Amino acid sequence: MKITVSINLGGYSFNIDEDAYSELKLYLKNLELHLADEESSSEILSDIETRMAELFRSRLTPYKQVISMTDVKEVIAIMGNPEDFSDGESSSRKAKFYTPGPHRMYRDPDHRIIGGVCSGMGAYWDIEPWIIRVIMVALAFAGGLGLVIYLILYIVLPEAKTTAQKIEMKGEPVNINNIKDSVKKEFETVRKNMKL
Amino acid sequence: MDLENTKAQMRKGILEYCILSVLSKNSCYASDIIRELKEAKVIVVEGTLYPLLTRQKNSGLLSYRWEESQQGPPRKYYELTPEGKTYLEDLDKSWDELVESVNLIRSK
């Protein structure tokens, strides 16, 4: 027995095995990273997703309704690795991936209590978010200053939505290995939540 | 020198030309283009096509329209713009010249 996940790929809905899902997600993340410098990268991505959806559909029958790891591996082999299909300029792009990434402050939605402001600051400075929360609350009682600061930061700081942003938030270089790690972590959390 | 790398470079060079040639006959859905390119063995992994298509579209050689499909979501059909057609004619000429040059050298 296996747990399946339901996904929307290129406008089609699929049931996909849990392990196959994490493999596919990793591939698409990797792709997104490699195409990041490309003009209209989101368009390219959605075209590729549409094509993958088509390939998956051709593998499903009334007797086989769930996408397995084998399907995902086969389809990825057909589409190819992103390293293979960026053009000649890719070498300079690749070099870019391994330089230390930008360090930006975001709101951290994964560890938030209210809006993720304090958890985001904690991730940025690498300190426990509760220390910042205590300071904030103290400031809030000191004439409401904490509330004002919180509100301004909530408006000013963007939420870390993508995996790349979550890595930037911690100031780690954005590269394939990092993305792999955080996608895996994210996936583990989803799995834990589902078992509860 | 790496033989596989040289081969890949050669294919990359002509791929752009091949895409335009496929589209010169009629407007196509991306998967139709892929089928033709695969039959002709100029493409190995499918992913190569999509960044190229979008780049050609952004530089005004191609345009696309959405067309309803019975099997699912609407499909993107690509076609050559007038600019793309002149571009292709130029490429046709330079391809012929290239073939001639290479043949000349090989036959000596």
# chains A, B, ... in the order shown; residues from 1 in each chain; ligands from 1

$ interface_residues --of "chain A" --to "chain B" --cutoff "6 Å" --atoms "only C-alpha atoms" --output "VMD selection string"
chain A and resid 44 78 to 80 85

$ select_by_dssp --residues "segment 29-104 of chain B" --states "alpha helix (DSSP H)" --output "PyMOL selection string"
chain B and resi 30-39+49-58+82-104

$ select_by_dssp --residues "chain B" --states "strand (DSSP E or B)" --output "NGL selection string"
:B and (28-29 or 62-69 or 72-80)

$ write_last_selection --atoms "C-alpha atoms" --output "mmCIF file, in the first residue's frame"
data_model
loop_
_atom_site.group_PDB
_atom_site.id
_atom_site.type_symbol
_atom_site.label_atom_id
_atom_site.label_comp_id
_atom_site.auth_asym_id
_atom_site.auth_seq_id
_atom_site.Cartn_x
_atom_site.Cartn_y
_atom_site.Cartn_z
ATOM 1 C CA CYS B 28 1.848 23.442 -35.205
ATOM 2 C CA TYR B 29 1.205 22.352 -31.656
ATOM 3 C CA LEU B 62 6.873 33.200 -34.085
ATOM 4 C CA SER B 63 3.460 33.913 -32.752
ATOM 5 C CA TYR B 64 0.958 31.557 -31.222
ATOM 6 C CA ARG B 65 -2.768 31.228 -30.759
ATOM 7 C CA TRP B 66 -4.805 29.135 -28.338
ATOM 8 C CA GLU B 67 -6.957 26.458 -29.849
ATOM 9 C CA GLU B 68 -9.601 24.379 -28.117
ATOM 10 C CA SER B 69 -8.894 20.679 -27.873
ATOM 11 C CA GLY B 72 -8.190 18.654 -22.497
ATOM 12 C CA PRO B 73 -7.023 22.188 -21.907
ATOM 13 C CA PRO B 74 -6.612 24.510 -24.902
ATOM 14 C CA ARG B 75 -3.428 24.051 -26.895
ATOM 15 C CA LYS B 76 -0.851 26.544 -28.058
ATOM 16 C CA TYR B 77 -0.415 26.565 -31.819
ATOM 17 C CA TYR B 78 2.737 28.227 -33.103
ATOM 18 C CA GLU B 79 3.129 29.853 -36.509
ATOM 19 C CA LEU B 80 5.703 31.928 -38.366
#

$ residues_around --residues "Val42 of chain B" --least-positions-apart "3" --cutoff "7 Å" --atoms "only C-alpha atoms" --output "tab-separated table (two decimals) with C-alpha atoms, in the first residue's frame"
chain	number	residue	atom	x	y	z
B	11	ARG	CA	22.63	19.78	-33.36
B	15	LEU	CA	17.78	23.09	-34.17
B	37	LEU	CA	12.16	16.79	-34.85
B	38	LYS	CA	12.40	13.37	-33.23

$ residues_around --residues "Leu31 of chain A" --least-positions-apart "2" --cutoff "8 Å" --atoms "only C-alpha atoms" --output "list of chain:residue names"
A:Tyr27, A:Leu28, A:Lys29, A:Leu33, A:His34, A:Leu35, A:Leu45, A:Asn81, A:Pro82

$ write_last_selection --atoms "N, CA and C atoms" --output "mmCIF file, in the first residue's frame"
data_model
loop_
_atom_site.group_PDB
_atom_site.id
_atom_site.type_symbol
_atom_site.label_atom_id
_atom_site.label_comp_id
_atom_site.auth_asym_id
_atom_site.auth_seq_id
_atom_site.Cartn_x
_atom_site.Cartn_y
_atom_site.Cartn_z
ATOM 1 N N TYR A 27 12.411 17.721 -9.726
ATOM 2 C CA TYR A 27 12.762 17.983 -11.128
ATOM 3 C C TYR A 27 12.269 19.363 -11.559
ATOM 4 N N LEU A 28 11.028 19.662 -11.226
ATOM 5 C CA LEU A 28 10.458 20.946 -11.643
ATOM 6 C C LEU A 28 11.143 22.120 -10.952
ATOM 7 N N LYS A 29 11.534 21.917 -9.695
ATOM 8 C CA LYS A 29 12.270 22.960 -8.964
ATOM 9 C C LYS A 29 13.612 23.220 -9.634
ATOM 10 N N LEU A 33 15.007 26.650 -11.407
ATOM 11 C CA LEU A 33 16.278 27.302 -11.093
ATOM 12 C C LEU A 33 17.099 27.550 -12.345
ATOM 13 N N HIS A 34 17.143 26.556 -13.213
ATOM 14 C CA HIS A 34 17.967 26.690 -14.403
ATOM 15 C C HIS A 34 17.400 27.694 -15.387
ATOM 16 N N LEU A 35 16.093 27.842 -15.357
ATOM 17 C CA LEU A 35 15.478 28.762 -16.307
ATOM 18 C C LEU A 35 15.313 30.155 -15.698
ATOM 19 N N LEU A 45 8.253 27.126 -18.386
ATOM 20 C CA LEU A 45 7.919 26.110 -17.390
ATOM 21 C C LEU A 45 6.528 25.536 -17.607
ATOM 22 N N ASN A 81 17.542 16.499 -18.702
ATOM 23 C CA ASN A 81 17.963 17.319 -17.567
ATOM 24 C C ASN A 81 18.117 18.764 -17.991
ATOM 25 N N PRO A 82 17.744 19.682 -17.110
ATOM 26 C CA PRO A 82 17.863 21.097 -17.468
ATOM 27 C C PRO A 82 19.295 21.478 -17.855
#

$ residues_around --residues "Ser22 of chain A" --least-positions-apart "6" --cutoff "8 Å" --atoms "only C-alpha atoms" --output "list in words"
Val183, Lys184 and Phe187 of chain A

$ atom_distance --atom1 "atom CA of Gly146 of chain A" --atom2 "atom CA of Val134 of chain A"
10.2 Å

$ residues_around --residues "segment 58-75 of chain A" --least-positions-apart "6" --cutoff "10 Å" --atoms "only C-alpha atoms" --output "PyMOL selection string"
(chain A and resi 4-6+14-24+27+51-52) or (chain B and resi 46)

$ write_last_selection --atoms "N, CA and C atoms" --output "PDB file, in the first residue's frame"
ATOM      1  N   THR A   4      -1.035   8.208  -2.014  1.00  0.00           N
ATOM      2  CA  THR A   4      -0.913   8.983  -3.242  1.00  0.00           C
ATOM      3  C   THR A   4      -1.244  10.444  -2.963  1.00  0.00           C
ATOM      4  N   VAL A   5      -0.737  11.275  -3.856  1.00  0.00           N
ATOM      5  CA  VAL A   5      -0.960  12.704  -3.739  1.00  0.00           C
ATOM      6  C   VAL A   5      -1.728  13.121  -4.982  1.00  0.00           C
ATOM      7  N   SER A   6      -2.603  14.099  -4.842  1.00  0.00           N
ATOM      8  CA  SER A   6      -3.345  14.569  -6.000  1.00  0.00           C
ATOM      9  C   SER A   6      -2.741  15.893  -6.474  1.00  0.00           C
ATOM     10  N   PHE A  14      -3.941  14.635 -11.567  1.00  0.00           N
ATOM     11  CA  PHE A  14      -3.344  13.305 -11.520  1.00  0.00           C
ATOM     12  C   PHE A  14      -3.269  12.813 -10.093  1.00  0.00           C
ATOM     13  N   ASN A  15      -3.385  11.494  -9.939  1.00  0.00           N
ATOM     14  CA  ASN A  15      -3.019  10.873  -8.673  1.00  0.00           C
ATOM     15  C   ASN A  15      -1.634  10.302  -8.851  1.00  0.00           C
ATOM     16  N   ILE A  16      -0.778  10.633  -7.914  1.00  0.00           N
ATOM     17  CA  ILE A  16       0.616  10.249  -8.079  1.00  0.00           C
ATOM     18  C   ILE A  16       1.148   9.701  -6.766  1.00  0.00           C
ATOM     19  N   ASP A  17       1.947   8.629  -6.844  1.00  0.00           N
ATOM     20  CA  ASP A  17       2.535   8.049  -5.637  1.00  0.00           C
ATOM     21  C   ASP A  17       3.385   9.091  -4.934  1.00  0.00           C
ATOM     22  N   GLU A  18       3.426   8.955  -3.620  1.00  0.00           N
ATOM     23  CA  GLU A  18       4.142   9.922  -2.801  1.00  0.00           C
ATOM     24  C   GLU A  18       5.605  10.084  -3.228  1.00  0.00           C
ATOM     25  N   ASP A  19       6.305   8.965  -3.410  1.00  0.00           N
ATOM     26  CA  ASP A  19       7.730   9.054  -3.763  1.00  0.00           C
ATOM     27  C   ASP A  19       7.896   9.659  -5.152  1.00  0.00           C
ATOM     28  N   ALA A  20       6.987   9.285  -6.064  1.00  0.00           N
ATOM     29  CA  ALA A  20       7.039   9.819  -7.419  1.00  0.00           C
ATOM     30  C   ALA A  20       6.793  11.327  -7.397  1.00  0.00           C
ATOM     31  N   TYR A  21       5.918  11.742  -6.486  1.00  0.00           N
ATOM     32  CA  TYR A  21       5.607  13.164  -6.356  1.00  0.00           C
ATOM     33  C   TYR A  21       6.839  13.965  -5.948  1.00  0.00           C
ATOM     34  N   SER A  22       7.591  13.455  -4.976  1.00  0.00           N
ATOM     35  CA  SER A  22       8.751  14.232  -4.528  1.00  0.00           C
ATOM     36  C   SER A  22       9.806  14.277  -5.631  1.00  0.00           C
ATOM     37  N   GLU A  23       9.918  13.196  -6.384  1.00  0.00           N
ATOM     38  CA  GLU A  23      10.871  13.172  -7.502  1.00  0.00           C
ATOM     39  C   GLU A  23      10.489  14.224  -8.553  1.00  0.00           C
ATOM     40  N   LEU A  24       9.204  14.259  -8.868  1.00  0.00           N
ATOM     41  CA  LEU A  24       8.708  15.197  -9.879  1.00  0.00           C
ATOM     42  C   LEU A  24       8.881  16.640  -9.413  1.00  0.00           C
ATOM     43  N   TYR A  27      12.411  17.721  -9.726  1.00  0.00           N
ATOM     44  CA  TYR A  27      12.762  17.983 -11.128  1.00  0.00           C
ATOM     45  C   TYR A  27      12.269  19.363 -11.559  1.00  0.00           C
ATOM     46  N   ARG A  51       3.472  19.581 -21.477  1.00  0.00           N
ATOM     47  CA  ARG A  51       3.985  18.433 -22.217  1.00  0.00           C
ATOM     48  C   ARG A  51       4.128  17.207 -21.305  1.00  0.00           C
ATOM     49  N   MET A  52       4.601  17.428 -20.084  1.00  0.00           N
ATOM     50  CA  MET A  52       4.759  16.310 -19.162  1.00  0.00           C
ATOM     51  C   MET A  52       3.394  15.710 -18.829  1.00  0.00           C
TER      52      MET A  52
ATOM     53  N   GLU B  46      13.402  16.369 -25.074  1.00  0.00           N
ATOM     54  CA  GLU B  46      12.334  17.277 -25.488  1.00  0.00           C
ATOM     55  C   GLU B  46      12.426  18.662 -24.866  1.00  0.00           C
TER      56      GLU B  46
END

$ atom_distance --atom1 "atom CA of Leu61 of chain B" --atom2 "atom CA of Cys18 of chain B"
13.3 Å

$ residues_around --residues "Leu153 of chain A" --least-positions-apart "5" --cutoff "9 Å" --atoms "only C-alpha atoms" --output "VMD selection string"
chain A and resid 107 117 148

$ write_last_selection --atoms "C-alpha atoms" --output "short mmCIF file (atom, residue, chain, number, x, y, z; two decimals), in the first residue's frame"
data_model
loop_
_atom_site.label_atom_id
_atom_site.label_comp_id
_atom_site.auth_asym_id
_atom_site.auth_seq_id
_atom_site.Cartn_x
_atom_site.Cartn_y
_atom_site.Cartn_z
CA ARG A 107 8.37 36.84 6.29
CA VAL A 117 7.53 38.75 10.71
CA VAL A 148 3.60 49.92 14.70
#
